[in-house]
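Engineer: Attaching a single structure in structure tokens format; questions to follow.
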Amino acid sequence: MTAAVQSAFAAEPKLSEATQACLDCHREATPGIVADWKKSRMAKRTVAQALKEPDLKKRVSAQSVPPGMMNVVVGCAECHTQNPKTHKDTFKHDGHMVHTVVSPKDCATCHPSEEKEYGQNLMSHARGNLLNNAIYQDMIKNINSTPVYAKGALKMEAPGNETMAETCLACHGTKVEVKGMRKVMSDLGEFELPRLSGWPNHGVGRVNPDGSKGSCAACHSRHSFAIEMARRPATCAECHKGPDVPAYKVYQVSKHGNLYANLGKSWNFKAVPWTVGEDFNAPTCASCHVSLLVDTEGAVVSKRSHRMNDRLGDRLMGLIYAHRHPKSPDTSIIKNADGQPLATTFSGKPAKEFLIGQKEYQKRRRAMERVCLACHSSGWVKGQFARLDNAIKTSNQSTLAATGLMQDIWKQGLAKGPDQGGSVFDEYKERVWVEHWLFYANTMRLATAMMGQDYAVFEMGRWQASKNIRRLHDWTKSQKTGK
Amino acid sequence: MTAAVQSAFAAEPKLSEATQACLDCHREATPGIVADWKKSRMAKRTVAQALKEPDLKKRVSAQSVPPGMMNVVVGCAECHTQNPKTHKDTFKHDGHMVHTVVSPKDCATCHPSEEKEYGQNLMSHARGNLLNNAIYQDMIKNINSTPVYAKGALKMEAPGNETMAETCLACHGTKVEVKGMRKVMSDLGEFELPRLSGWPNHGVGRVNPDGSKGSCAACHSRHSFAIEMARRPATCAECHKGPDVPAYKVYQVSKHGNLYANLGKSWNFKAVPWTVGEDFNAPTCASCHVSLLVDTEGAVVSKRSHRMNDRLGDRLMGLIYAHRHPKSPDTSIIKNADGQPLATTFSGKPAKEFLIGQKEYQKRRRAMERVCLACHSSGWVKGQFARLDNAIKTSNQSTLAATGLMQDIWKQGLAKGPDQGGSVFDEYKERVWVEHWLFYANTMRLATAMMGQDYAVFEMGRWQASKNIRRLHDWTKSQKTGK
Amino acid sequence: MTAAVQSAFAAEPKLSEATQACLDCHREATPGIVADWKKSRMAKRTVAQALKEPDLKKRVSAQSVPPGMMNVVVGCAECHTQNPKTHKDTFKHDGHMVHTVVSPKDCATCHPSEEKEYGQNLMSHARGNLLNNAIYQDMIKNINSTPVYAKGALKMEAPGNETMAETCLACHGTKVEVKGMRKVMSDLGEFELPRLSGWPNHGVGRVNPDGSKGSCAACHSRHSFAIEMARRPATCAECHKGPDVPAYKVYQVSKHGNLYANLGKSWNFKAVPWTVGEDFNAPTCASCHVSLLVDTEGAVVSKRSHRMNDRLGDRLMGLIYAHRHPKSPDTSIIKNADGQPLATTFSGKPAKEFLIGQKEYQKRRRAMERVCLACHSSGWVKGQFARLDNAIKTSNQSTLAATGLMQDIWKQGLAKGPDQGGSVFDEYKERVWVEHWLFYANTMRLATAMMGQDYAVFEMGRWQASKNIRRLHDWTKSQKTGK
């Protein structure tokens, strides 16, 4: 840190009058939030200081900001009163027009490139991609409905908003809307505040009262907004740990995750840019997928990108097969050859027109390889990617076999499938098949991609997949043999 | 730290003569214990110093202690020779009357309020609550027995003391009793020491040789007794991580757990009182459930309580439904309308006379809300509790459906249930039903309560619950359709 | 640290000319590796300095090293050009004879005792022990084959090298061989490099191009080779976390693991020797199984050993029963009374001539007890080992019952077992049986051995085992009753 920067940090933060007004009450009303924010970089540096950083050290991408913001630190008012007209949750609060839900559009005041990239990111569309897809809707209905059993009949009561908010939409994002006002009595007097639906939520595809999509706080946890949070893998684990997408678990048992667990305490998670080998000795999720990395000579290894599949050619999350990445972040527009809103048919045929082509694919893979090559030889990297290709191929073949067996089960009338007008998610035998691709095939691929091999075999991998195949096979035979 | 306190710390610890005698040999005999204790606060400050702390900083609740203890640090002898008459494990050791098992009654010499509260805590009764309940006894028998299969017959050999000690009672607590004496030869000579049953053990409901219940070392790990241990969630995880009560796992994938994992290394886990937002930026288990919290102005947010359900109105751990918390820490006294020792009947009717009423319920919920409100707005907290209420309601409904299906399975003679004189735990189909409420319904509720939503859906939540429902349903149909 | 040592550290590292040449290009070519190595102790001290350490502080076991190495730090060339003649992967690289794969024989230049001990360790034979055992081969085939389902027939395509490398052999070790050369273009010019099969890999039983077995980097992660890595449990977790051998998971919920998780951040993981109670307050995997431990007086508690079963009398990993440890690290030589390559027959009879006798058994147990006794009383240790003995006995009995049931299933023709010429791994019912011993019985034993009791009951322990027993029993009955 230069002497100039140090002195800037040492100086008293310059608060806007509006922020000072917020703090006067909220220091008592919500002391935890205020104390948290006080530790943040935002609370210590003015926007002008942030804009003066040399390019590689910059954390803001704006060229300029509204004049009133320039010479103050970023406090309560700078975010919670930004863009008051587009915010339907704006309300008059002690003389200020305040909104509760800070949106990516608010953050874009200082971080427009990040907001733009994130808008092109699958994650910003996570809500619609789930809810506007008929097959996923059916899946949700079958998982989240409340069962009612009466007089020998089993019925399913559709999940309400609360249930959706505490399950799928916790990660995918709720829709936050103003549903009238409510009065609150507190030590500081009576207030009228908006009643918000879908709140609290920090899902990555949240639909905000200003119409924008996403929540920067999903990864940049409020109110200290530490870059360290976004760079450490526990943040990603909030959504990427379950059996459908056990990225974090795989990472944990990998050599990379091991190095992080054991030595990460002494790594520098604050440096911008982030120097490979010096600031950290093994990648976290962010290193490979998001961050601006440089080498010890200061040369750029990879650029910062909030369009997180910039380095991902393949979509490993198979629904139901792994495939090339979709072109558009809005995947609800996809239609495959069988008319389903899925990137592949049940027999594995990709919906090519919706997926990236070979050129873009190669570009993305090269981008990821460049990250690997900062620490590994070309032979190492070549070997690793050959295995990933193999894992994609063999896990897809395994899903094809499971699906073939399931289709025979449907044909034999042992379960009611799509051709019989049935759901593919509502029967026990179907669940066994779904777990094959949703849990085990996904896990196998992630296990190889990130080298956490427990997950390739005994921990939700090939052991479980091969067991399931035998089980489905037994069922197809049961019809034929009467067993 | 004030200068006075610093100088007190810097001074040589004042050891009692008895403790000095212990250390003379145990420095060599058990060097790990001695070194561990030397790092403790107990080894560095006299009781007199501890008593002089201002109220909010006090860690002792006694008004006074026996005179001999006042001006010495708390060493080996101060605990292991306390209350010699009530300790049946007292033995003569190198001229001193020593006991192995330090009990809550010993700790109460300096910490009487904590001991009293803990005595009113469910955890202190964990052993009896398990072993004195006929339904749980049957469950244990069916889980822990050793199967013997001979000549086509399967028999179950009841679990012995060793098996019980290494399973349920590891957490619930063994009964530690003196079973004669044994001679031990060591470098320091021959000793006669008591032979203890149920030892080692630090279960929360351990029955001690002085007749007291509990083990403070369960959370305040010996022999450094660091408050940091009790405040960090890995301590709670020793018992609260399994599929029946995955509190820690849920916490880990929550935003709170994420903040702890990523930033906790720089939090102050030693400060008393514990300042919200300043000492820590996200709660651990202790913050919400036990600790004395203050805000940055020094105002009390919540009082310390070792009666850990003081802020818990609902008991989420469903056996078999979630319900209002029991009034008494001794739950073995509960009888429901069907005569079972459970807080609800199989059809969900609560045994109201044994459960807290609405007033106490509201008081406890308000107490918890106050903790949330230190960092969250009233709208946030309202939204969160509405979801918890919904999770309790829908998960209970789901258990009701599963139980209805199970009852039909019993009626149809596909399994032998209570009406047929059978156990509800001994058949495979019954296990599927038990997992519904013991694993999945509990997990769903905890997932919402602590916002770790992976566990609400794919990770032991609604996916598994809904799959189980279909399975139970298939079985009820198999009779009717012959499939 | 003495003043002399400090000044040695402060001095500029003395690089060999060859290492200097490597660094000149690799600083740019693989900056992460170079930066990682620069942090290592190897990069900072000459071999001569290492050899001068007093015995207990020594990290090298060689009496002397080749003269050219004595007065330089251990850099790239010291390892990657060692033993050029035996290395089939040696290639000419910018004028130097370099090899990619550093093997235990290379490390033995400075660490011969460790290499010798490791060679007698089961882990160095992990590849052959798996691949040269007909029963394990059959297991692998059934887990790792790619299923193909066509025209109603299910076929299994044998796993290729890539599949094996990303699954079993990731831990057990690939065979690394030179398969010709390949040309690589880089910013620094064109290079011809060996094409290696089975690369990357750091499996503990890797077969190296010089014919040696093992990879020191499995635990001593390259290129900082921090002793802290080998001493922290996440390293062991890379291979010991899955349901077949959940050692790390059990540790995590134990009191020891809890102390490590909460307080480990302030422990000294670098000190050699490692002082019990002072450098650390609870053991990690290495403390009990590998490390040189001393007490606070400097007396040796246990010697360093890279033959990691020196303190293990029992092999808890049951295939299919727990048994006394094998004598030879090569377990593929074992034949039991039924002619199987397993240490016990399916009915539990041990292949005694291949297993250690009572005297060696007692010696090993005493060695482990000595570690426990550094922090625990003799009564504590006695109690703990009585429980382990009980867990071994009862879990083996449970496996015997499961196997008896399976044998009846085979006899009744409900599955095709060994007597009918079938595999024991290919049918669904058999998988249920295999999970009994491979997952649940192993987990139960580890849970008791390391006191993580969640795993003894609800988390892959007795709950699952007893459920499985009922299931197998139902199947045997189905034949008799027609149900």
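Ordered as shown in the structure tokens, chains take letters A, B, and onward, while each chain numbers its residues from 1 and ligands are numbered from 1 in the order shown.
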For chain A against chain B, with a cut-off of 8 Å and counting only C-alpha atoms, what is the closest atom pair and its distance in Å to one decimal for every residue that makes the cut, ordered by chain and number, as CSV?

Structural biologist:
```
residue,atom,partner,partner_atom,distance
A:Arg27,CA,B:Thr296,CA,8.0
A:Glu28,CA,B:Glu297,CA,7.7
A:Ala29,CA,B:Ala374,CA,7.3
A:Thr30,CA,B:Ala374,CA,5.0
A:Pro31,CA,B:Ala374,CA,5.8
A:Gly32,CA,B:Gly277,CA,4.1
A:Ile33,CA,B:Cys375,CA,5.1
A:Val34,CA,B:Gly277,CA,7.4
A:Ala35,CA,B:Gly277,CA,4.7
A:Asp36,CA,B:Gly277,CA,5.2
A:Asn142,CA,B:Ser466,CA,7.2
A:Ile143,CA,B:Trp463,CA,5.3
A:Asn144,CA,B:Arg462,CA,6.2
A:Thr146,CA,B:Ser398,CA,5.9
A:Pro147,CA,B:Ser398,CA,5.5
A:Val148,CA,B:Ala401,CA,5.3
A:Tyr149,CA,B:Ala401,CA,4.9
A:Ala150,CA,B:Gly404,CA,7.6
A:Gly152,CA,B:Asp408,CA,7.9
A:Leu154,CA,B:His473,CA,7.6
A:Glu162,CA,B:Arg387,CA,5.5
A:Thr163,CA,B:Asn390,CA,6.9
A:Ala165,CA,B:Arg387,CA,7.9
A:Glu166,CA,B:Thr448,CA,6.0
A:Thr167,CA,B:Ala456,CA,5.5
A:Cys168,CA,B:Val457,CA,7.3
A:Ala170,CA,B:Gln453,CA,6.5
A:Cys171,CA,B:Gln453,CA,7.7
A:Val184,CA,B:Ser378,CA,8.0
A:Arg195,CA,B:Gly379,CA,7.1
A:Leu196,CA,B:Gly379,CA,7.5
A:Gly198,CA,B:Gly383,CA,7.8
A:Trp199,CA,B:Gly383,CA,5.9
A:Pro200,CA,B:Trp380,CA,5.3
A:Ser221,CA,B:Leu259,CA,8.0
A:Glu228,CA,B:Asn262,CA,7.5
A:Met229,CA,B:Asn262,CA,6.2
A:Arg232,CA,B:Asn262,CA,6.3
A:Ala234,CA,B:Asn258,CA,5.3
A:Thr235,CA,B:Asn258,CA,5.8
A:Ala237,CA,B:Val253,CA,6.2
A:Glu238,CA,B:Val253,CA,4.5
A:Cys239,CA,B:Asp454,CA,6.8
A:Lys241,CA,B:Asp454,CA,7.3
A:Gly242,CA,B:Glu459,CA,5.5
A:Pro243,CA,B:Glu459,CA,6.3
A:Asp244,CA,B:Phe458,CA,7.0
A:Lys265,CA,B:Lys265,CA,7.9
A:Asp426,CA,B:Arg470,CA,7.3
A:Glu427,CA,B:Arg470,CA,6.0
A:Tyr428,CA,B:Arg470,CA,5.6
A:Arg431,CA,B:Lys467,CA,6.7
```

Engineer: For A:Met97, work out the shell of residues within 7 Å, counting only C-alpha atoms and skipping chain neighbours fewer than 4 positions away, then give it as a list in words.

Structural biologist: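 So the residues in contact are Thr81, Pro84, Thr90, Phe91, Lys92 and His93 of chain A.
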
Engineer: Run DSSP on the backbone of this structure and report the residues of stretch 154-279 of chain B it assigns to strand (DSSP E), as a list in words.

Structural biologist: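 These are the residues in question: Leu154, Lys155, Met156, Glu157, Glu177, Val178, Lys179, Gly180, Met181, Arg182, Lys183, Val184, Met185, Ser186, Gly189, Glu190, Phe191, Glu192, Leu193, Pro194, Arg195, Leu196, Ser197, Trp274 and Thr275 of chain B.
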
Engineer: What would the file look like if the residues just selected were written as a PDB file, in the first residue's frame with N, CA and C atoms?

Structural biologist:
```pdb
ATOM      1  N   LEU B 154     -33.498 -64.836  12.195  1.00  0.00           N
ATOM      2  CA  LEU B 154     -32.794 -63.612  12.543  1.00  0.00           C
ATOM      3  C   LEU B 154     -33.139 -63.221  13.975  1.00  0.00           C
ATOM      4  N   LYS B 155     -32.111 -63.128  14.803  1.00  0.00           N
ATOM      5  CA  LYS B 155     -32.324 -62.694  16.181  1.00  0.00           C
ATOM      6  C   LYS B 155     -31.541 -61.428  16.456  1.00  0.00           C
ATOM      7  N   MET B 156     -31.968 -60.700  17.459  1.00  0.00           N
ATOM      8  CA  MET B 156     -31.303 -59.457  17.817  1.00  0.00           C
ATOM      9  C   MET B 156     -30.772 -59.566  19.229  1.00  0.00           C
ATOM     10  N   GLU B 157     -29.464 -59.436  19.374  1.00  0.00           N
ATOM     11  CA  GLU B 157     -28.857 -59.436  20.708  1.00  0.00           C
ATOM     12  C   GLU B 157     -28.811 -58.008  21.223  1.00  0.00           C
ATOM     13  N   GLU B 177     -20.143 -44.693  37.087  1.00  0.00           N
ATOM     14  CA  GLU B 177     -20.179 -45.264  38.430  1.00  0.00           C
ATOM     15  C   GLU B 177     -18.838 -45.925  38.775  1.00  0.00           C
ATOM     16  N   VAL B 178     -18.537 -45.954  40.045  1.00  0.00           N
ATOM     17  CA  VAL B 178     -17.317 -46.630  40.485  1.00  0.00           C
ATOM     18  C   VAL B 178     -17.590 -48.128  40.587  1.00  0.00           C
ATOM     19  N   LYS B 179     -16.806 -48.903  39.864  1.00  0.00           N
ATOM     20  CA  LYS B 179     -16.956 -50.358  39.874  1.00  0.00           C
ATOM     21  C   LYS B 179     -15.684 -50.973  40.440  1.00  0.00           C
ATOM     22  N   GLY B 180     -15.394 -50.665  41.675  1.00  0.00           N
ATOM     23  CA  GLY B 180     -14.185 -51.198  42.285  1.00  0.00           C
ATOM     24  C   GLY B 180     -12.957 -50.367  41.974  1.00  0.00           C
ATOM     25  N   MET B 181     -11.803 -50.880  42.402  1.00  0.00           N
ATOM     26  CA  MET B 181     -10.546 -50.164  42.198  1.00  0.00           C
ATOM     27  C   MET B 181      -9.647 -50.987  41.284  1.00  0.00           C
ATOM     28  N   ARG B 182      -8.668 -50.342  40.676  1.00  0.00           N
ATOM     29  CA  ARG B 182      -7.688 -51.060  39.863  1.00  0.00           C
ATOM     30  C   ARG B 182      -6.309 -50.479  40.174  1.00  0.00           C
ATOM     31  N   LYS B 183      -5.311 -51.355  40.040  1.00  0.00           N
ATOM     32  CA  LYS B 183      -3.942 -50.927  40.304  1.00  0.00           C
ATOM     33  C   LYS B 183      -3.267 -50.558  38.993  1.00  0.00           C
ATOM     34  N   VAL B 184      -2.534 -49.462  39.023  1.00  0.00           N
ATOM     35  CA  VAL B 184      -1.821 -49.027  37.829  1.00  0.00           C
ATOM     36  C   VAL B 184      -0.365 -48.809  38.178  1.00  0.00           C
ATOM     37  N   MET B 185       0.518 -49.374  37.373  1.00  0.00           N
ATOM     38  CA  MET B 185       1.955 -49.165  37.546  1.00  0.00           C
ATOM     39  C   MET B 185       2.375 -48.063  36.572  1.00  0.00           C
ATOM     40  N   SER B 186       3.144 -47.125  37.067  1.00  0.00           N
ATOM     41  CA  SER B 186       3.649 -46.094  36.159  1.00  0.00           C
ATOM     42  C   SER B 186       5.062 -45.731  36.553  1.00  0.00           C
ATOM     43  N   GLY B 189       5.417 -44.782  40.108  1.00  0.00           N
ATOM     44  CA  GLY B 189       5.049 -45.699  41.183  1.00  0.00           C
ATOM     45  C   GLY B 189       3.729 -46.403  40.911  1.00  0.00           C
ATOM     46  N   GLU B 190       3.254 -47.153  41.908  1.00  0.00           N
ATOM     47  CA  GLU B 190       1.997 -47.878  41.763  1.00  0.00           C
ATOM     48  C   GLU B 190       0.867 -47.053  42.365  1.00  0.00           C
ATOM     49  N   PHE B 191      -0.259 -47.010  41.699  1.00  0.00           N
ATOM     50  CA  PHE B 191      -1.413 -46.272  42.197  1.00  0.00           C
ATOM     51  C   PHE B 191      -2.643 -47.148  42.186  1.00  0.00           C
ATOM     52  N   GLU B 192      -3.534 -46.868  43.126  1.00  0.00           N
ATOM     53  CA  GLU B 192      -4.830 -47.526  43.106  1.00  0.00           C
ATOM     54  C   GLU B 192      -5.851 -46.483  42.686  1.00  0.00           C
ATOM     55  N   LEU B 193      -6.543 -46.744  41.607  1.00  0.00           N
ATOM     56  CA  LEU B 193      -7.462 -45.767  41.028  1.00  0.00           C
ATOM     57  C   LEU B 193      -8.833 -46.408  40.863  1.00  0.00           C
ATOM     58  N   PRO B 194      -9.887 -45.607  40.916  1.00  0.00           N
ATOM     59  CA  PRO B 194     -11.221 -46.198  40.736  1.00  0.00           C
ATOM     60  C   PRO B 194     -11.421 -46.708  39.305  1.00  0.00           C
ATOM     61  N   ARG B 195     -12.107 -47.803  39.192  1.00  0.00           N
ATOM     62  CA  ARG B 195     -12.517 -48.313  37.881  1.00  0.00           C
ATOM     63  C   ARG B 195     -13.910 -47.737  37.616  1.00  0.00           C
ATOM     64  N   LEU B 196     -14.017 -46.947  36.562  1.00  0.00           N
ATOM     65  CA  LEU B 196     -15.280 -46.264  36.280  1.00  0.00           C
ATOM     66  C   LEU B 196     -16.016 -46.920  35.122  1.00  0.00           C
ATOM     67  N   SER B 197     -17.298 -47.121  35.295  1.00  0.00           N
ATOM     68  CA  SER B 197     -18.127 -47.557  34.153  1.00  0.00           C
ATOM     69  C   SER B 197     -18.506 -46.320  33.349  1.00  0.00           C
ATOM     70  N   TRP B 274     -20.290  -9.804  24.366  1.00  0.00           N
ATOM     71  CA  TRP B 274     -19.988 -10.059  22.953  1.00  0.00           C
ATOM     72  C   TRP B 274     -20.748  -9.020  22.126  1.00  0.00           C
ATOM     73  N   THR B 275     -20.019  -8.167  21.416  1.00  0.00           N
ATOM     74  CA  THR B 275     -20.651  -7.036  20.746  1.00  0.00           C
ATOM     75  C   THR B 275     -21.024  -7.353  19.296  1.00  0.00           C
TER      76      THR B 275
END
```

Engineer: Quick one: everything within 10 Å of B:Ser332, counting only C-alpha atoms, minus sequence neighbours fewer than 5 positions away in the same chain. Send it as a list in words.

Structural biologist: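 Final neighbour list, sorted by chain and number: His125, Ala126, Gly128, Asn129, Leu130, Leu131, Asn132, Asn133, Ala134, Tyr136, Pro341, Leu342 and Ala343 of chain B.
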
Engineer: Pull C-alpha atoms from the residues just selected and write them as a short mmCIF file (atom, residue, chain, number, x, y, z; two decimals), in the first residue's frame.

Structural biologist:
```
data_model
loop_
_atom_site.label_atom_id
_atom_site.label_comp_id
_atom_site.auth_asym_id
_atom_site.auth_seq_id
_atom_site.Cartn_x
_atom_site.Cartn_y
_atom_site.Cartn_z
CA HIS B 125 -31.89 -34.57 31.04
CA ALA B 126 -30.79 -36.03 27.73
CA GLY B 128 -33.19 -40.02 31.05
CA ASN B 129 -35.26 -38.47 28.26
CA LEU B 130 -33.91 -41.14 25.97
CA LEU B 131 -33.65 -44.16 28.24
CA ASN B 132 -36.84 -43.67 30.27
CA ASN B 133 -39.08 -43.44 27.22
CA ALA B 134 -40.55 -46.77 26.12
CA TYR B 136 -37.20 -44.57 22.33
CA PRO B 341 -44.65 -40.95 25.83
CA LEU B 342 -44.56 -38.47 22.96
CA ALA B 343 -45.50 -34.80 22.77
#
```

Engineer: Check stretch 285-452 of chain B with DSSP on the backbone and list each residue it calls alpha helix (DSSP H), as an MDAnalysis selection string.

Structural biologist: chainID B and resid 285:289 358:373 378:411 428:435 442:449

Engineer: May I have the residues within 8 Å of A:Val204 as a list of chain:residue names, using only C-alpha atoms and disregarding those fewer than 3 positions away in the same chain?

Structural biologist: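 The residues satisfying every condition are A:Met123, A:Ser124, A:Ala126, A:Cys171, A:His172, A:Gly173, A:Gly214, A:Ser215, A:Cys216, A:Ala218.
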
Engineer: With N, CA and C atoms retained, write the just-selected residues as a PDB file, in the first residue's frame.

Structural biologist:
```
ATOM      1  N   MET A 123     -26.857 -16.936 -14.127  1.00  0.00           N
ATOM      2  CA  MET A 123     -27.350 -16.757 -12.765  1.00  0.00           C
ATOM      3  C   MET A 123     -28.383 -15.635 -12.645  1.00  0.00           C
ATOM      4  N   SER A 124     -28.204 -14.564 -13.409  1.00  0.00           N
ATOM      5  CA  SER A 124     -29.170 -13.458 -13.306  1.00  0.00           C
ATOM      6  C   SER A 124     -30.556 -13.894 -13.799  1.00  0.00           C
ATOM      7  N   ALA A 126     -31.737 -16.956 -13.231  1.00  0.00           N
ATOM      8  CA  ALA A 126     -31.994 -18.229 -12.545  1.00  0.00           C
ATOM      9  C   ALA A 126     -33.465 -18.428 -12.176  1.00  0.00           C
ATOM     10  N   CYS A 171     -32.228 -19.785  -3.621  1.00  0.00           N
ATOM     11  CA  CYS A 171     -31.070 -19.605  -4.512  1.00  0.00           C
ATOM     12  C   CYS A 171     -31.464 -18.954  -5.843  1.00  0.00           C
ATOM     13  N   HIS A 172     -32.569 -19.411  -6.420  1.00  0.00           N
ATOM     14  CA  HIS A 172     -32.940 -18.930  -7.751  1.00  0.00           C
ATOM     15  C   HIS A 172     -33.478 -17.513  -7.723  1.00  0.00           C
ATOM     16  N   GLY A 173     -33.988 -17.086  -6.573  1.00  0.00           N
ATOM     17  CA  GLY A 173     -34.464 -15.717  -6.443  1.00  0.00           C
ATOM     18  C   GLY A 173     -35.978 -15.623  -6.391  1.00  0.00           C
ATOM     19  N   GLY A 214     -31.431 -10.099 -10.141  1.00  0.00           N
ATOM     20  CA  GLY A 214     -30.220 -10.478  -9.443  1.00  0.00           C
ATOM     21  C   GLY A 214     -30.053  -9.801  -8.101  1.00  0.00           C
ATOM     22  N   SER A 215     -29.053 -10.299  -7.374  1.00  0.00           N
ATOM     23  CA  SER A 215     -28.712  -9.713  -6.079  1.00  0.00           C
ATOM     24  C   SER A 215     -27.202  -9.798  -5.944  1.00  0.00           C
ATOM     25  N   CYS A 216     -26.534  -8.659  -5.997  1.00  0.00           N
ATOM     26  CA  CYS A 216     -25.074  -8.667  -5.858  1.00  0.00           C
ATOM     27  C   CYS A 216     -24.675  -9.209  -4.491  1.00  0.00           C
ATOM     28  N   ALA A 218     -25.726 -11.682  -3.033  1.00  0.00           N
ATOM     29  CA  ALA A 218     -25.632 -13.141  -2.994  1.00  0.00           C
ATOM     30  C   ALA A 218     -24.188 -13.548  -2.735  1.00  0.00           C
TER      31      ALA A 218
END
```

Engineer: So which residues touch stretch 356-361 of chain B within 6 Å, counting only C-alpha atoms, skipping near sequence neighbours fewer than 3 positions away, as a ChimeraX atom specification?

Structural biologist: /B:313,325-327,364

Engineer: Could the residues in this selection be saved with N, CA, C and O atoms as a compact mmCIF listing (two decimals), in the first residue's frame?

Structural biologist:
```
# COMPACT_ATOMS: atom_id res chain seq x y z
N GLY B 313 -39.46 -21.16 21.01
CA GLY B 313 -40.85 -21.49 21.29
C GLY B 313 -41.23 -22.87 20.76
O GLY B 313 -41.96 -23.63 21.39
N HIS B 325 -42.54 -26.15 22.72
CA HIS B 325 -41.52 -26.75 23.58
C HIS B 325 -42.14 -27.36 24.84
O HIS B 325 -43.10 -26.83 25.38
N PRO B 326 -41.61 -28.45 25.30
CA PRO B 326 -42.08 -29.03 26.57
C PRO B 326 -41.82 -28.06 27.72
O PRO B 326 -40.84 -27.32 27.70
N LYS B 327 -42.68 -28.09 28.70
CA LYS B 327 -42.49 -27.25 29.89
C LYS B 327 -41.30 -27.73 30.72
O LYS B 327 -40.48 -26.95 31.17
N ARG B 364 -40.78 -16.29 24.24
CA ARG B 364 -39.56 -16.89 23.69
C ARG B 364 -39.30 -16.43 22.26
O ARG B 364 -38.17 -16.14 21.89
```
